$ cat data.pdb   # PDB, C-alpha atoms
ATOM      1  CA  MET A   1      27.030 138.785 -41.028
ATOM      2  CA  THR A   2      28.717 137.104 -38.105
ATOM      3  CA  GLN A   3      29.094 133.345 -38.079
ATOM      4  CA  GLY A   4      29.629 131.600 -34.773
ATOM      5  CA  ALA A   5      33.022 130.355 -33.709
ATOM      6  CA  VAL A   6      33.767 127.003 -35.326
ATOM      7  CA  GLU A   7      36.406 124.721 -33.855
ATOM      8  CA  VAL A   8      38.213 122.665 -36.461
ATOM      9  CA  VAL A   9      38.353 119.286 -34.718
ATOM     10  CA  ARG A  10      38.960 115.776 -36.005
ATOM     11  CA  ASP A  11      37.466 112.359 -35.287
ATOM     12  CA  ASP A  12      40.129 109.666 -35.632
ATOM     13  CA  LYS A  13      37.569 107.281 -37.181
ATOM     14  CA  ALA A  14      36.976 109.519 -40.201
ATOM     15  CA  VAL A  15      39.173 110.298 -43.200
ATOM     16  CA  TYR A  16      39.923 114.018 -43.359
ATOM     17  CA  ALA A  17      40.660 116.204 -46.336
ATOM     18  CA  ALA A  18      40.721 119.908 -47.123
ATOM     19  CA  GLY A  19      40.455 122.132 -50.145
ATOM     20  CA  ALA A  20      39.294 125.485 -51.435
ATOM     21  CA  VAL A  21      37.006 127.364 -53.743
ATOM     22  CA  VAL A  22      39.773 129.198 -55.600
ATOM     23  CA  TRP A  23      38.606 132.453 -57.172
ATOM     24  CA  ARG A  24      39.795 135.448 -59.171
ATOM     25  CA  ILE A  25      38.336 138.511 -60.866
ATOM     26  CA  VAL A  26      38.768 138.663 -64.670
ATOM     27  CA  ASP A  27      37.600 141.808 -66.474
ATOM     28  CA  GLY A  28      35.399 142.617 -63.521
ATOM     29  CA  LYS A  29      33.787 139.159 -63.446
ATOM     30  CA  LEU A  30      34.137 136.475 -60.801
ATOM     31  CA  ARG A  31      35.629 133.181 -61.886
ATOM     32  CA  ILE A  32      36.252 130.042 -59.822
ATOM     33  CA  LEU A  33      38.631 127.199 -60.538
ATOM     34  CA  LEU A  34      37.395 123.678 -61.308
ATOM     35  CA  ILE A  35      39.585 120.635 -61.787
ATOM     36  CA  HIS A  36      38.939 117.830 -64.280
ATOM     37  CA  ARG A  37      40.288 114.649 -62.718
ATOM     38  CA  THR A  38      41.897 112.073 -64.961
ATOM     39  CA  LYS A  39      41.160 108.853 -63.062
ATOM     40  CA  TYR A  40      37.573 109.598 -62.058
ATOM     41  CA  ARG A  41      36.641 111.560 -65.182
ATOM     42  CA  ASP A  42      34.769 114.062 -63.060
ATOM     43  CA  VAL A  43      34.794 117.794 -62.357
ATOM     44  CA  THR A  44      35.214 118.978 -58.799
ATOM     45  CA  LEU A  45      36.907 121.459 -56.467
ATOM     46  CA  PRO A  46      40.607 121.134 -55.569
ATOM     47  CA  LYS A  47      41.055 119.138 -52.371
ATOM     48  CA  GLY A  48      43.042 116.273 -50.889
ATOM     49  CA  LYS A  49      43.675 114.131 -47.835
ATOM     50  CA  VAL A  50      45.476 115.327 -44.729
ATOM     51  CA  ASP A  51      49.059 114.134 -44.475
ATOM     52  CA  PRO A  52      50.318 112.793 -41.121
ATOM     53  CA  GLY A  53      51.020 115.643 -38.711
ATOM     54  CA  GLU A  54      49.213 118.261 -40.796
ATOM     55  CA  MET A  55      46.519 120.633 -39.630
ATOM     56  CA  LEU A  56      43.602 121.133 -42.005
ATOM     57  CA  ALA A  57      44.457 124.663 -43.106
ATOM     58  CA  GLN A  58      47.915 123.677 -44.309
ATOM     59  CA  THR A  59      46.412 120.669 -46.092
ATOM     60  CA  ALA A  60      44.082 122.939 -48.057
ATOM     61  CA  VAL A  61      46.919 125.195 -49.215
ATOM     62  CA  ARG A  62      49.221 122.281 -50.053
ATOM     63  CA  GLU A  63      46.564 120.394 -52.009
ATOM     64  CA  VAL A  64      45.541 123.434 -54.038
ATOM     65  CA  HIS A  65      49.168 123.956 -54.979
ATOM     66  CA  GLU A  66      49.807 120.287 -55.796
ATOM     67  CA  GLU A  67      46.696 119.983 -57.968
ATOM     68  CA  THR A  68      46.749 123.370 -59.689
ATOM     69  CA  GLY A  69      50.260 124.783 -59.264
ATOM     70  CA  ILE A  70      48.749 127.888 -57.645
ATOM     71  CA  ARG A  71      49.824 129.061 -54.200
ATOM     72  CA  VAL A  72      46.975 130.650 -52.259
ATOM     73  CA  ASN A  73      46.226 132.073 -48.831
ATOM     74  CA  LEU A  74      43.009 130.971 -47.195
ATOM     75  CA  GLY A  75      40.087 133.305 -46.686
ATOM     76  CA  VAL A  76      36.732 132.567 -45.061
ATOM     77  CA  PRO A  77      35.703 128.945 -44.423
ATOM     78  CA  VAL A  78      32.865 127.963 -46.778
ATOM     79  CA  GLY A  79      31.665 124.704 -45.348
ATOM     80  CA  VAL A  80      32.337 121.055 -44.652
ATOM     81  CA  SER A  81      31.216 118.157 -46.826
ATOM     82  CA  ARG A  82      30.650 114.700 -45.381
ATOM     83  CA  TYR A  83      30.082 111.476 -47.247
ATOM     84  CA  PHE A  84      30.836 107.782 -46.938
ATOM     85  CA  MET A  85      33.468 106.014 -49.003
ATOM     86  CA  ARG A  86      33.280 102.441 -50.240
ATOM     87  CA  ALA A  87      34.949 101.125 -47.091
ATOM     88  CA  LYS A  88      32.033 102.586 -45.057
ATOM     89  CA  ARG A  89      34.355 105.194 -43.570
ATOM     90  CA  GLN A  90      33.153 108.758 -43.474
ATOM     91  CA  LYS A  91      35.167 111.334 -45.388
ATOM     92  CA  VAL A  92      35.106 114.885 -44.040
ATOM     93  CA  VAL A  93      36.329 117.708 -46.280
ATOM     94  CA  HIS A  94      36.850 121.273 -45.021
ATOM     95  CA  TYR A  95      36.777 124.102 -47.577
ATOM     96  CA  TRP A  96      37.874 127.723 -47.593
ATOM     97  CA  ALA A  97      37.506 130.542 -50.088
ATOM     98  CA  ALA A  98      40.931 131.395 -51.520
ATOM     99  CA  GLU A  99      41.783 134.200 -53.919
ATOM    100  CA  ALA A 100      44.324 133.414 -56.638
ATOM    101  CA  THR A 101      46.435 136.453 -57.420
ATOM    102  CA  GLU A 102      47.547 137.110 -60.971
ATOM    103  CA  ASP A 103      51.160 136.656 -59.889
ATOM    104  CA  ALA A 104      50.378 133.252 -58.345
ATOM    105  CA  ILE A 105      48.591 132.170 -61.523
ATOM    106  CA  ARG A 106      51.522 133.226 -63.694
ATOM    107  CA  ARG A 107      53.892 131.262 -61.476
ATOM    108  CA  SER A 108      51.854 128.068 -61.776
ATOM    109  CA  ALA A 109      53.719 125.279 -63.527
ATOM    110  CA  PHE A 110      50.638 123.101 -63.983
ATOM    111  CA  VAL A 111      50.575 120.639 -66.865
ATOM    112  CA  PRO A 112      48.002 117.859 -67.377
ATOM    113  CA  ASN A 113      49.053 114.746 -65.484
ATOM    114  CA  GLN A 114      47.847 111.358 -64.290
ATOM    115  CA  GLU A 115      45.760 112.959 -61.548
ATOM    116  CA  ILE A 116      44.469 116.222 -63.062
ATOM    117  CA  ALA A 117      43.584 116.331 -66.762
ATOM    118  CA  ALA A 118      42.675 120.021 -66.962
ATOM    119  CA  LEU A 119      41.899 123.233 -65.075
ATOM    120  CA  GLU A 120      38.954 125.453 -65.943
ATOM    121  CA  TRP A 121      38.029 128.972 -64.801
ATOM    122  CA  VAL A 122      34.255 129.440 -64.937
ATOM    123  CA  GLY A 123      31.499 131.702 -63.624
ATOM    124  CA  LEU A 124      29.243 130.542 -60.804
ATOM    125  CA  LYS A 125      26.370 129.718 -63.155
ATOM    126  CA  LYS A 126      28.508 127.455 -65.330
ATOM    127  CA  ALA A 127      30.141 125.926 -62.247
ATOM    128  CA  ARG A 128      26.734 124.767 -61.050
ATOM    129  CA  LYS A 129      26.140 123.032 -64.375
ATOM    130  CA  THR A 130      29.630 121.549 -64.605
ATOM    131  CA  LEU A 131      30.414 120.194 -61.134
ATOM    132  CA  SER A 132      29.869 116.451 -60.922
ATOM    133  CA  TYR A 133      28.675 116.168 -57.326
ATOM    134  CA  PRO A 134      25.703 117.756 -55.510
ATOM    135  CA  ILE A 135      27.810 117.961 -52.351
ATOM    136  CA  ASP A 136      30.127 120.429 -54.135
ATOM    137  CA  LEU A 137      27.112 122.605 -54.911
ATOM    138  CA  GLU A 138      26.441 122.942 -51.178
ATOM    139  CA  ILE A 139      29.921 124.394 -50.722
ATOM    140  CA  LEU A 140      29.260 126.703 -53.665
ATOM    141  CA  ASP A 141      26.054 127.913 -51.977
ATOM    142  CA  GLU A 142      28.015 129.208 -48.982
ATOM    143  CA  PHE A 143      30.655 130.732 -51.233
ATOM    144  CA  GLU A 144      27.970 132.532 -53.244
ATOM    145  CA  ARG A 145      26.459 133.908 -50.040
ATOM    146  CA  LEU A 146      29.743 135.687 -49.377
ATOM    147  CA  VAL A 147      29.705 137.029 -52.926
ATOM    148  CA  ASP A 148      26.128 138.290 -52.585
ATOM    149  CA  ASP A 149      26.941 139.957 -49.258
ATOM    150  CA  GLY A 150      29.992 141.682 -50.740
ATOM    151  CA  VAL A 151      32.419 140.202 -48.221
ATOM    152  CA  LEU A 152      34.347 137.674 -50.291
ATOM    153  CA  ARG A 153      37.696 139.455 -50.002
ATOM    154  CA  THR A 154      38.800 139.355 -46.359
ATOM    155  CA  PHE A 155      41.868 139.592 -44.158
ATOM    156  CA  PRO A 156      42.544 137.643 -40.938
ATOM    157  CA  ILE A 157      43.536 138.724 -37.465
ATOM    158  CA  VAL A 158      44.610 135.675 -35.475
ATOM    159  CA  ALA A 159      44.390 135.450 -31.695
ATOM    160  CA  LEU A 160      47.023 132.928 -30.590
ATOM    161  CA  ARG A 161      47.577 131.533 -27.107
ATOM    162  CA  HIS A 162      51.214 130.829 -26.287
ATOM    163  CA  ALA A 163      52.416 127.232 -26.409
ATOM    164  CA  LYS A 164      52.950 124.995 -23.377
ATOM    165  CA  ALA A 165      55.283 126.683 -20.889
ATOM    166  CA  VAL A 166      57.357 125.339 -18.026
ATOM    167  CA  SER A 167      55.155 124.978 -14.953
ATOM    168  CA  ARG A 168      55.130 127.876 -12.481
ATOM    169  CA  THR A 169      56.009 125.428  -9.710
ATOM    170  CA  GLU A 170      59.185 124.509 -11.610
ATOM    171  CA  TRP A 171      60.247 128.120 -12.182
ATOM    172  CA  ASP A 172      61.727 130.268  -9.404
ATOM    173  CA  ARG A 173      62.159 133.489 -11.378
ATOM    174  CA  SER A 174      59.627 136.044 -12.600
ATOM    175  CA  ASP A 175      56.617 134.693 -14.447
ATOM    176  CA  ALA A 176      57.386 136.807 -17.527
ATOM    177  CA  THR A 177      60.692 134.950 -17.985
ATOM    178  CA  ARG A 178      59.087 131.501 -17.860
ATOM    179  CA  PRO A 179      60.095 129.683 -21.103
ATOM    180  CA  LEU A 180      58.370 127.055 -23.192
ATOM    181  CA  ALA A 181      58.531 123.410 -22.197
ATOM    182  CA  GLU A 182      59.739 120.809 -24.698
ATOM    183  CA  ARG A 183      56.172 120.186 -25.773
ATOM    184  CA  GLY A 184      55.684 123.907 -26.239
ATOM    185  CA  LEU A 185      58.698 124.138 -28.533
ATOM    186  CA  LEU A 186      57.209 121.345 -30.661
ATOM    187  CA  GLN A 187      53.857 123.152 -30.741
ATOM    188  CA  ALA A 188      55.495 126.404 -31.809
ATOM    189  CA  ARG A 189      56.975 124.647 -34.830
ATOM    190  CA  ALA A 190      53.775 122.746 -35.601
ATOM    191  CA  ILE A 191      51.652 125.885 -35.977
ATOM    192  CA  VAL A 192      53.951 127.641 -38.466
ATOM    193  CA  ALA A 193      52.464 126.098 -41.611
ATOM    194  CA  PRO A 194      48.813 126.476 -40.498
ATOM    195  CA  LEU A 195      49.367 130.153 -39.674
ATOM    196  CA  ARG A 196      51.156 130.747 -42.974
ATOM    197  CA  ALA A 197      48.149 129.202 -44.731
ATOM    198  CA  PHE A 198      46.227 132.355 -43.822
ATOM    199  CA  GLY A 199      48.873 134.665 -45.267
ATOM    200  CA  ILE A 200      50.072 136.075 -41.939
ATOM    201  CA  ARG A 201      52.616 138.863 -42.422
ATOM    202  CA  LYS A 202      52.570 140.856 -39.167
ATOM    203  CA  ILE A 203      53.444 139.329 -35.798
ATOM    204  CA  VAL A 204      52.550 141.066 -32.533
ATOM    205  CA  THR A 205      53.302 139.333 -29.257
ATOM    206  CA  SER A 206      53.303 139.804 -25.517
ATOM    207  CA  ASP A 207      56.857 140.450 -24.369
ATOM    208  CA  ALA A 208      56.704 137.462 -22.000
ATOM    209  CA  VAL A 209      59.328 134.872 -22.949
ATOM    210  CA  ARG A 210      56.778 132.089 -23.506
ATOM    211  CA  CYS A 211      54.909 134.216 -26.055
ATOM    212  CA  VAL A 212      58.037 135.400 -27.857
ATOM    213  CA  GLN A 213      59.295 131.815 -28.106
ATOM    214  CA  THR A 214      55.913 130.699 -29.479
ATOM    215  CA  VAL A 215      56.106 133.039 -32.486
ATOM    216  CA  THR A 216      59.866 132.721 -33.088
ATOM    217  CA  PRO A 217      59.617 129.799 -35.581
ATOM    218  CA  LEU A 218      56.921 131.682 -37.510
ATOM    219  CA  ALA A 219      59.027 134.832 -37.541
ATOM    220  CA  HIS A 220      62.004 132.899 -38.883
ATOM    221  CA  ALA A 221      59.872 131.279 -41.595
ATOM    222  CA  LEU A 222      58.497 134.657 -42.689
ATOM    223  CA  GLY A 223      61.735 136.577 -42.274
ATOM    224  CA  ARG A 224      59.906 139.042 -40.018
ATOM    225  CA  THR A 225      60.728 140.609 -36.673
ATOM    226  CA  PRO A 226      57.894 140.283 -34.137
ATOM    227  CA  VAL A 227      56.619 143.405 -32.387
ATOM    228  CA  GLU A 228      56.965 142.718 -28.661
ATOM    229  CA  THR A 229      54.670 144.681 -26.377
ATOM    230  CA  ALA A 230      53.654 144.608 -22.726
ATOM    231  CA  LEU A 231      50.246 146.000 -23.727
ATOM    232  CA  VAL A 232      48.906 142.470 -24.319
ATOM    233  CA  GLY A 233      50.968 140.852 -21.557
ATOM    234  CA  GLN A 234      49.568 139.005 -18.560
ATOM    235  CA  ASP A 235      51.497 141.074 -16.016
ATOM    236  CA  ALA A 236      50.003 144.295 -17.369
ATOM    237  CA  TRP A 237      46.562 142.677 -17.471
ATOM    238  CA  GLU A 238      46.839 141.586 -13.828
ATOM    239  CA  GLU A 239      47.992 145.061 -12.853
ATOM    240  CA  GLY A 240      45.152 146.689 -14.768
ATOM    241  CA  VAL A 241      47.455 148.615 -17.113
ATOM    242  CA  SER A 242      47.167 146.560 -20.297
ATOM    243  CA  ASP A 243      45.943 148.267 -23.470
ATOM    244  CA  VAL A 244      44.517 145.633 -25.767
ATOM    245  CA  ARG A 245      42.326 148.216 -27.507
ATOM    246  CA  THR A 246      45.277 150.127 -28.932
ATOM    247  CA  VAL A 247      46.934 146.978 -30.280
ATOM    248  CA  VAL A 248      43.745 145.548 -31.804
ATOM    249  CA  GLY A 249      42.631 148.867 -33.254
ATOM    250  CA  LYS A 250      45.929 149.318 -35.071
ATOM    251  CA  ARG A 251      45.727 145.866 -36.598
ATOM    252  CA  VAL A 252      42.131 146.335 -37.754
ATOM    253  CA  ARG A 253      42.947 149.704 -39.343
ATOM    254  CA  SER A 254      45.926 148.231 -41.187
ATOM    255  CA  GLY A 255      43.733 145.763 -43.056
ATOM    256  CA  LYS A 256      46.625 143.301 -43.230
ATOM    257  CA  PRO A 257      46.895 139.677 -42.033
ATOM    258  CA  ALA A 258      48.300 139.567 -38.507
ATOM    259  CA  VAL A 259      48.696 137.338 -35.490
ATOM    260  CA  ILE A 260      48.529 138.530 -31.880
ATOM    261  CA  CYS A 261      50.103 136.106 -29.407
ATOM    262  CA  SER A 262      48.997 136.485 -25.810
ATOM    263  CA  HIS A 263      47.853 134.706 -22.641
ATOM    264  CA  GLY A 264      44.716 132.856 -21.603
ATOM    265  CA  PRO A 265      43.358 135.624 -19.330
ATOM    266  CA  VAL A 266      44.004 138.317 -21.966
ATOM    267  CA  LEU A 267      42.428 136.536 -24.951
ATOM    268  CA  PRO A 268      38.779 137.342 -24.069
ATOM    269  CA  GLY A 269      39.713 141.022 -24.137
ATOM    270  CA  ILE A 270      41.360 140.648 -27.543
ATOM    271  CA  LEU A 271      38.265 138.991 -29.044
ATOM    272  CA  SER A 272      35.990 141.535 -27.379
ATOM    273  CA  GLU A 273      38.006 144.430 -28.778
ATOM    274  CA  LEU A 274      37.930 142.885 -32.249
ATOM    275  CA  ALA A 275      34.143 142.858 -32.035
ATOM    276  CA  LEU A 276      34.003 146.438 -30.751
ATOM    277  CA  ALA A 277      36.465 147.690 -33.371
ATOM    278  CA  THR A 278      34.319 146.261 -36.154
ATOM    279  CA  GLY A 279      30.886 147.098 -34.772
ATOM    280  CA  THR A 280      30.041 143.434 -34.283
ATOM    281  CA  MET A 281      27.461 142.342 -31.729
ATOM    282  CA  HIS A 282      28.830 140.409 -28.795
ATOM    283  CA  GLY A 283      27.733 136.826 -28.228
ATOM    284  CA  SER A 284      28.748 133.477 -26.797
ATOM    285  CA  TYR A 285      30.803 132.846 -29.939
ATOM    286  CA  LEU A 286      33.429 135.269 -28.624
ATOM    287  CA  GLY A 287      33.797 133.238 -25.443
ATOM    288  CA  SER A 288      34.237 130.053 -27.464
ATOM    289  CA  ALA A 289      36.848 131.674 -29.691
ATOM    290  CA  SER A 290      38.862 132.994 -26.749
ATOM    291  CA  ALA A 291      38.804 129.837 -24.585
ATOM    292  CA  LEU A 292      41.894 128.452 -26.256
ATOM    293  CA  GLU A 293      44.155 125.585 -25.307
ATOM    294  CA  VAL A 294      47.886 126.237 -25.335
ATOM    295  CA  ALA A 295      49.169 126.839 -28.907
ATOM    296  CA  ALA A 296      45.608 126.979 -30.276
ATOM    297  CA  PHE A 297      44.466 129.957 -32.282
ATOM    298  CA  SER A 298      41.275 131.605 -33.524
ATOM    299  CA  VAL A 299      41.212 133.185 -36.983
ATOM    300  CA  VAL A 300      38.948 136.226 -37.123
ATOM    301  CA  HIS A 301      38.016 137.087 -40.715
ATOM    302  CA  LEU A 302      37.239 140.735 -41.486
ATOM    303  CA  SER A 303      36.052 142.238 -44.762
ATOM    304  CA  ALA A 304      38.799 143.973 -46.721
ATOM    305  CA  THR A 305      36.306 146.007 -48.744
ATOM    306  CA  ASN A 306      33.330 146.628 -46.429
ATOM    307  CA  PRO A 307      34.613 147.584 -42.954
ATOM    308  CA  GLY A 308      31.086 147.979 -41.627
ATOM    309  CA  SER A 309      30.325 144.309 -42.187
ATOM    310  CA  GLY A 310      31.839 143.337 -38.842
ATOM    311  CA  ILE A 311      33.340 139.941 -38.141
ATOM    312  CA  ILE A 312      32.558 137.696 -41.104
ATOM    313  CA  SER A 313      33.608 134.419 -39.518
ATOM    314  CA  ILE A 314      35.729 132.939 -36.740
ATOM    315  CA  GLU A 315      37.404 129.540 -36.812
ATOM    316  CA  THR A 316      39.498 127.877 -34.120
ATOM    317  CA  HIS A 317      42.408 125.509 -34.733
ATOM    318  CA  VAL A 318      44.005 123.218 -32.137
ATOM    319  CA  PRO A 319      47.367 121.518 -32.764
ATOM    320  CA  LYS A 320      47.578 117.805 -31.961
ATOM    321  CA  VAL A 321      51.105 118.031 -30.539
TER     322      VAL A 321
END
$ encode --input "data.pdb" --output "structure tokens"
Amino acid sequence: MTQGAVEVVRDDKAVYAAGAVVWRIVDGKLRILLIHRTKYRDVTLPKGKVDPGEMLAQTAVREVHEETGIRVNLGVPVGVSRYFMRAKRQKVVHYWAAEATEDAIRRSAFVPNQEIAALEWVGLKKARKTLSYPIDLEILDEFERLVDDGVLRTFPIVALRHAKAVSRTEWDRSDATRPLAERGLLQARAIVAPLRAFGIRKIVTSDAVRCVQTVTPLAHALGRTPVETALVGQDAWEEGVSDVRTVVGKRVRSGKPAVICSHGPVLPGILSELALATGTMHGSYLGSASALEVAAFSVVHLSATNPGSGIISIETHVPKV
């Protein structure tokens, strides 16, 4: 079941966009959401271009809401489409699966407009007949694989490296009290929307100041109090008394979206314990997912309905700040 770690990177020469295969269950049957576009008179999946300063995950959530009125949280990535526009520039579109809750659908204020003429909920078979572009069918193929494997509904556990901290050479007190640098404070704010795109509700962090400051903007946005613990701290790791297994195991058992903020040397242990806790085979993908730059994070997707399925997918996001 495991997919390798995928880093969501961008080439400045391409035009980037993001969207989702939005789905729901109606009377026990799977339905996905198609949009009928007014200008192009076509039928496609909700998506749109990245705004300046955005990361792809937040683009996907924003565009789904703008086009359909439905607020979603992202699930498993379901592929990337690439094609050339008239200006000979390549367009790259990242897609995720995203469940639409009944409450979110009821709250939608969508009305036909100059961009979107209509919304349509259809089964997979009809979607294949209705979609206007073969490239959308490729995304649907990956989505249907998740359906066939019974792992469509997932929850994320995010491994986050703290943002850029003041250099050790510029700090004469204990390492645990070292704060974020100005760039780090900007990074901490920049990752709030991308993390919220995955529906994060629980925040666990090393008690080191640089980690606590990294998750503070997210905590404020969510109205949540982070759980600070030395068990995933660098000091405890260096002293051989850290306990990553306890922290990870609790988060996996909860089955709820969570972020764990820690340090570069501790991250490989966090990813390893996520694999062990879910019965997933180890591989080089874990090393890739744990080798994070400051303020980068890896989203580990786990099945919400089939715990024995292991890690379904891992994706890595790097802020441009």
$ resolve_selection --input "data.pdb" --expression "the PyMOL selection byres ((chain A and resi 172-189) around 6)" --output "list in words"
Ala163, Lys164, Ala165, Val166, Trp171, Ala190, Ile191, Val192, Ala208, Val209, Arg210, Thr214, Pro217 and Val321 of chain A
$ resolve_selection --input "data.pdb" --expression "the PyMOL selection byres ((chain A and resi 60) around 12)" --output "VMD selection string"
chain A and resid 16 to 22 45 to 51 54 to 59 61 to 68 70 to 75 77 93 to 98 193 to 194 196 to 198
$ closest_atom_pairs --input "data.pdb" --of "stretch 136-186 of chain A" --to "stretch 34-43 of chain A" --cutoff "12 Å" --atoms "only C-alpha atoms" --output "JSON lines"
{"residue": "A:Asp136", "atom": "CA", "partner": "A:Val43", "partner_atom": "CA", "distance": 9.8}
{"residue": "A:Leu137", "atom": "CA", "partner": "A:Val43", "partner_atom": "CA", "distance": 11.7}
{"residue": "A:Leu140", "atom": "CA", "partner": "A:Leu34", "partner_atom": "CA", "distance": 11.6}
$ resolve_selection --input "data.pdb" --expression "the PyMOL selection byres ((chain A and resi 245) around 12)" --output "PyMOL selection string"
chain A and resi 231-232+241-244+246-253+266-278
$ residues_around --input "data.pdb" --residues "A:Arg153" --least-positions-apart "4" --cutoff "7 Å" --atoms "all atoms listed in the file" --output "PyMOL selection string"
chain A and resi 303-305
$ atom_distance --input "data.pdb" --atom1 "atom CA of A:Asp207" --atom2 "atom CA of A:Pro226"
9.8 Å
